[in-house]
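Chemist: One structure, pasted below without further comment.
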Amino acid sequence: VTADVIVVGAGPAGIATAATAAECGADVILVDAAARPGGQIWRGRSAEPLAARWLERLRASGATFLAHTTIVDSPAHLTLIGETNGTPVALHARRAIVLASGTRELFLPFPGWTLPGVVGVGGAQALLKGGWHVNGQRVVVAGSGPLLLPVAAALADAGADVVRVIEQASTRRVLGFAASLWRSPSRLAAAARYRGRFRRAPYQAGSWVARAEGADRLREVALAGAHAEVVPCDILCTGYGLVPSVELAQLLGCVTTLRGVTVDDDQQTSVSGIYGAGEAVAIGGAEAALAQGAIAGCAAAGSRERAEPYRAARARHAAFSARLRLAFALRAELSRLAADDTIVCRCEDVTFGAIRGCASLREARLHARLGMGACQGRVCSPAARHVRGWAGDSVRPPVAPARIATMIHEAATDAATDMMHAPAMDEPHAED
Ligand SMILES: Cc1cc2nc3c(=O)[nH]c(=O)nc-3n(C[C@H](O)[C@H](O)[C@H](O)COP(=O)(O)OP(=O)(O)OC[C@H]3O[C@@H](n4cnc5c(N)ncnc54)[C@H](O)[C@@H]3O)c2cc1C
């Protein structure tokens, strides 16, 4: 499949990229592993006016959406290999590829975090959308960042008894952040609306879950910090913010940092023709992702001048991102919670004790099998990196689980391409 611009990821960033690039006259393909565009925040519910507006703009732009398609490799510049419903697909961009691959949650290991009843905050959200029955269940929501609020609100709406919302950042930092929200009235209003929906539950800053206890499932959590106490509960929803999904960018040779893919003023990465947008570049919410996506879309289509209206919004959101990062920076105590027998990699049952002597992620993978299981390190690598202070790791294809048939197809396509371009060694030469 060939198009002028290929966009990977159909969250707010990818939607804005694809729509604006197509409006600038480019032939655009937008791919996502999911069935529908929308990403983490809008997928499956487009009733929000902002979502409805952008989804309609995407539809009207004429960009093609390729659903159920996961990109797993890039064998050559501006070429991607993916799987559509398990069938291999090769995509080639004439002008540009835009990476809008978003983020995933950061989990930090603590004793008991693998007990049944302990779930990620994003996982809880997904379960609730799927009809998770939590009526009357006592729930503690704990971790860090603004994401705790919509999750607590959704749990309360579903009939759960939200008993505590626990934020690791100090009260001073949280209040400072809240005070700065006068600059973002829509965010302030959203936060107030969420808080109203779980108003009976105390929101306690400066605390964290040190231990989850229970025999065969969660019974209680032990809190540490400003509100040290033991809280009986049936469910613990936990998450320590988001980490950018940069594996594909790394595979394409783009410079990345722990904050995300490095881009220039046009959202172009360090590799010519490869752009980045949204939370894979900087964590700052859906509106920031939209502004970045619109700029990337115009630039990728060769019409950077049409990006002007979006630049001021991007700068405003970048300032919000910086405040967010500062306010919810993770405290050092969280890196010291895991005991020697605490599981860090749950796919391969690797304990914290098993990686204690390792000096890098690579060593932990080679010596203890950390990250070698089904999730390929998506959960445990950021956790281990955070807890041990390790630098990032190199990536290898496939960047997402793929069928052997896809990798064989790719190898066969590569070999056929090589043969077409190589001199025909077996054919007799004219002088023979
Ligand atoms: C678990 C979770 C829950 C969240 N809940 C909320 C919330 O309740 N409220 C809120 O305001 N914000 C929430 N956020 C943050 C919000 O999702 C972001 O602000 C916003 O969606 C960022 O948009 P994006 O386009 O950058 O990325 P995303 O919306 O994350 O979109 C990225 C897309 O890329 C696709 N993708 C990634 N890699 C590949 C690949 N290799 N091949 C194909 N497709 C790929 C993914 O399927 C995804 O659809 C949540 C984030 C997460 C991770």
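By order in the structure tokens, chains are A, B, ...; within a chain, residues start at 1; ligands start at 1, following the order shown.
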Using DSSP on the backbone coordinates, identify the residues of region 196-366 of chain A assigned to strand (DSSP E); present them as a VMD selection string.

Modeler: chain A and resid 203 to 205 207 to 213 220 to 225 230 to 232 235 to 239 242 to 244 256 to 257 260 to 261 274 to 276 343 to 345 350 to 351

Chemist: What lies within 9 Å of Ala158 (chain A) using only C-alpha atoms, ignoring chain neighbours under 5 positions off, as a list in words?

Modeler: Leu128, Gly131, Trp132, His133, Val134, Asn135 and Ala153 of chain A

Chemist: Generate a file of the selected residues that holds N, CA, C and O atoms, formatted as a JSON list (two decimals), in the first residue's frame.

Modeler:
[["chain", "number", "residue", "atom", "x", "y", "z"],
["A", 128, "LEU", "N", -14.34, -0.76, 32.98],
["A", 128, "LEU", "CA", -15.61, -0.09, 33.25],
["A", 128, "LEU", "C", -16.39, 0.16, 31.96],
["A", 128, "LEU", "O", -17.60, -0.03, 31.91],
["A", 131, "GLY", "N", -18.30, -2.75, 31.02],
["A", 131, "GLY", "CA", -19.38, -3.20, 31.91],
["A", 131, "GLY", "C", -18.90, -3.88, 33.18],
["A", 131, "GLY", "O", -19.64, -4.68, 33.78],
["A", 132, "TRP", "N", -17.71, -3.59, 33.66],
["A", 132, "TRP", "CA", -17.16, -4.17, 34.89],
["A", 132, "TRP", "C", -18.13, -3.92, 36.04],
["A", 132, "TRP", "O", -18.58, -2.79, 36.24],
["A", 133, "HIS", "N", -18.44, -4.99, 36.80],
["A", 133, "HIS", "CA", -19.41, -4.89, 37.88],
["A", 133, "HIS", "C", -18.68, -4.55, 39.19],
["A", 133, "HIS", "O", -18.01, -5.39, 39.76],
["A", 134, "VAL", "N", -18.78, -3.30, 39.65],
["A", 134, "VAL", "CA", -18.06, -2.88, 40.86],
["A", 134, "VAL", "C", -19.01, -2.35, 41.92],
["A", 134, "VAL", "O", -18.58, -1.80, 42.94],
["A", 135, "ASN", "N", -20.30, -2.56, 41.71],
["A", 135, "ASN", "CA", -21.31, -2.03, 42.62],
["A", 135, "ASN", "C", -21.04, -2.48, 44.06],
["A", 135, "ASN", "O", -20.92, -3.66, 44.33],
["A", 153, "ALA", "N", -13.90, 9.03, 39.39],
["A", 153, "ALA", "CA", -15.26, 9.48, 39.04],
["A", 153, "ALA", "C", -16.04, 8.36, 38.35],
["A", 153, "ALA", "O", -17.21, 8.11, 38.68]]

Chemist: So which residues touch Pro12 (chain A) within 12 Å, counting only C-alpha atoms, skipping near sequence neighbours fewer than 2 positions away, as a PyMOL selection string?

Modeler: chain A and resi 7-10+14-19+30+32+37-43+46+50-55+57-58+100-102+277-280+284-294

Chemist: Please run DSSP on the backbone and report, as a PyMOL selection string, all residues within region 181-401 of chain A that come out as alpha helix (DSSP H).

Modeler: chain A and resi 185-197+247-251+286-300+308-327+352-355+361-368+380-388

Chemist: Can you list, as a PyMOL selection string, every protein, DNA or RNA residue that comes within 12 Å of Arg365 (chain A) when you count only C-alpha atoms, leaving out same-chain residues fewer than 3 positions away?

Modeler: chain A and resi 345+348+350+354-355+358-362+368-373+376-377+380-381+384+393-394

Chemist: Show which residues sit within 12 Å of Asp266 (chain A), as a list in words. Count only C-alpha atoms, and ignore same-chain residues fewer than 6 positions away.

Modeler: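 These residues fall inside the cut-off: Thr17, Val98, Ser272, Gly273, Ile274, Tyr275, Gly276, Ala277, Ala291, Gln292, Gly293, Ala294, Ile295, Ala296, Gly297, Cys298, Ala299, Ala300, Ala301, Gly302, Ser303, Arg304, Glu305, Arg306, Ala307, Glu308, Tyr310, Arg311 and Arg314 of chain A.
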
Chemist: Given the selection you just returned, output its residues as a file containing N, CA and C atoms, formatted as a compact mmCIF listing (two decimals), in the first residue's frame.

Modeler:
# COMPACT_ATOMS: atom_id res chain seq x y z
N THR A 17 -3.37 14.89 12.64
CA THR A 17 -2.34 14.80 11.59
C THR A 17 -2.96 14.39 10.27
N VAL A 98 4.30 9.76 9.96
CA VAL A 98 4.10 10.49 11.23
C VAL A 98 3.80 9.47 12.32
N SER A 272 15.00 12.62 8.64
CA SER A 272 14.26 13.37 7.63
C SER A 272 13.05 12.57 7.13
N GLY A 273 11.91 13.22 7.07
CA GLY A 273 10.70 12.56 6.56
C GLY A 273 9.92 11.80 7.63
N ILE A 274 10.47 11.70 8.84
CA ILE A 274 9.75 11.04 9.93
C ILE A 274 9.36 12.11 10.96
N TYR A 275 8.07 12.20 11.24
CA TYR A 275 7.55 13.20 12.17
C TYR A 275 6.98 12.50 13.41
N GLY A 276 6.85 13.26 14.49
CA GLY A 276 6.26 12.71 15.71
C GLY A 276 5.21 13.68 16.21
N ALA A 277 4.14 13.17 16.82
CA ALA A 277 3.10 14.05 17.35
C ALA A 277 2.40 13.39 18.53
N ALA A 291 -2.98 19.81 18.74
CA ALA A 291 -2.20 20.93 18.18
C ALA A 291 -0.93 20.41 17.51
N GLN A 292 -0.25 19.49 18.19
CA GLN A 292 0.98 18.93 17.59
C GLN A 292 0.66 18.17 16.31
N GLY A 293 -0.43 17.40 16.35
CA GLY A 293 -0.82 16.61 15.18
C GLY A 293 -1.12 17.50 13.98
N ALA A 294 -1.83 18.62 14.21
CA ALA A 294 -2.18 19.52 13.11
C ALA A 294 -0.92 20.10 12.48
N ILE A 295 0.06 20.45 13.33
CA ILE A 295 1.32 21.02 12.80
C ILE A 295 2.08 19.94 12.01
N ALA A 296 2.13 18.73 12.57
CA ALA A 296 2.83 17.63 11.88
C ALA A 296 2.15 17.33 10.55
N GLY A 297 0.83 17.36 10.53
CA GLY A 297 0.08 17.04 9.30
C GLY A 297 0.39 18.03 8.19
N CYS A 298 0.36 19.34 8.54
CA CYS A 298 0.65 20.36 7.52
C CYS A 298 2.09 20.20 7.02
N ALA A 299 3.03 20.03 7.95
CA ALA A 299 4.45 19.93 7.55
C ALA A 299 4.69 18.67 6.72
N ALA A 300 4.10 17.56 7.13
CA ALA A 300 4.31 16.29 6.41
C ALA A 300 3.75 16.37 4.99
N ALA A 301 2.69 17.19 4.82
CA ALA A 301 2.09 17.33 3.49
C ALA A 301 2.81 18.40 2.67
N GLY A 302 3.83 19.03 3.25
CA GLY A 302 4.59 20.04 2.51
C GLY A 302 3.97 21.42 2.56
N SER A 303 3.08 21.66 3.54
CA SER A 303 2.43 22.98 3.63
C SER A 303 2.62 23.55 5.03
N ARG A 304 3.86 23.71 5.45
CA ARG A 304 4.14 24.13 6.83
C ARG A 304 3.51 25.48 7.17
N GLU A 305 3.33 26.33 6.16
CA GLU A 305 2.74 27.66 6.41
C GLU A 305 1.31 27.54 6.92
N ARG A 306 0.63 26.43 6.58
CA ARG A 306 -0.75 26.28 7.03
C ARG A 306 -0.83 25.85 8.51
N ALA A 307 0.36 25.61 9.11
CA ALA A 307 0.39 25.20 10.52
C ALA A 307 0.34 26.38 11.47
N GLU A 308 0.49 27.60 10.93
CA GLU A 308 0.59 28.79 11.80
C GLU A 308 -0.50 28.89 12.87
N TYR A 310 -1.91 26.85 14.60
CA TYR A 310 -1.83 25.87 15.69
C TYR A 310 -0.62 26.08 16.61
N ARG A 311 0.30 26.95 16.19
CA ARG A 311 1.56 27.05 16.93
C ARG A 311 1.38 27.67 18.33
N ARG A 314 0.03 25.08 20.64
CA ARG A 314 1.05 24.09 21.02
C ARG A 314 1.95 24.66 22.13

Chemist: Have a look at A:Asp27, A:Glu105, A:Glu48, A:Glu56 and name the one nearest to ligand 1; count only C-alpha atoms and all ligand atoms.

Modeler: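 Among the listed residues, the smallest separation from ligand 1 belongs to A:Glu105.
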
Chemist: Which residue, A:Leu242, A:Ile29, A:Leu175, A:Ile235, has the smallest gap to Gly136 (chain A) when you use only C-alpha atoms?

Modeler: A:Ile235

Chemist: So which one's closest to Arg183 (chain A), A:Ala319, A:Val246, A:Leu258, A:Cys233? Using only C-alpha atoms, please.

Modeler: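 Distance minimum relative to Arg183 (chain A) lands on A:Ala319.
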
Chemist: Which value, in Å to one decimal, gives the distance between CA of Ala312 (chain A) and CA of Gln267 (chain A)?

Modeler: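 Computed distance, CA of Ala312 (chain A) to CA of Gln267 (chain A), equals 14.2 Å.
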
Chemist: Using only C-alpha atoms and all ligand atoms, which of A:Asp157, A:Asp265, A:Glu213, A:Glu247 sits nearest ligand 1?

Modeler: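 Going through A:Asp157, A:Asp265, A:Glu213, A:Glu247 one by one, the smallest distance to ligand 1 is for A:Glu247.
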
Chemist: Considering only C-alpha atoms and all ligand atoms, state which residue in the set A:His77, A:Arg259, A:Arg104, A:His386 is at the smallest distance from ligand 1.

Modeler: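 Checking each candidate against ligand 1, we get A:Arg104 as the closest.
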
Chemist: Using only C-alpha atoms and all ligand atoms, which of A:Asp73, A:Glu410, A:Glu167, A:Asp4 sits nearest ligand 1?

Modeler: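 Comparing A:Asp73, A:Glu410, A:Glu167, A:Asp4 against ligand 1, the winner is A:Asp73.
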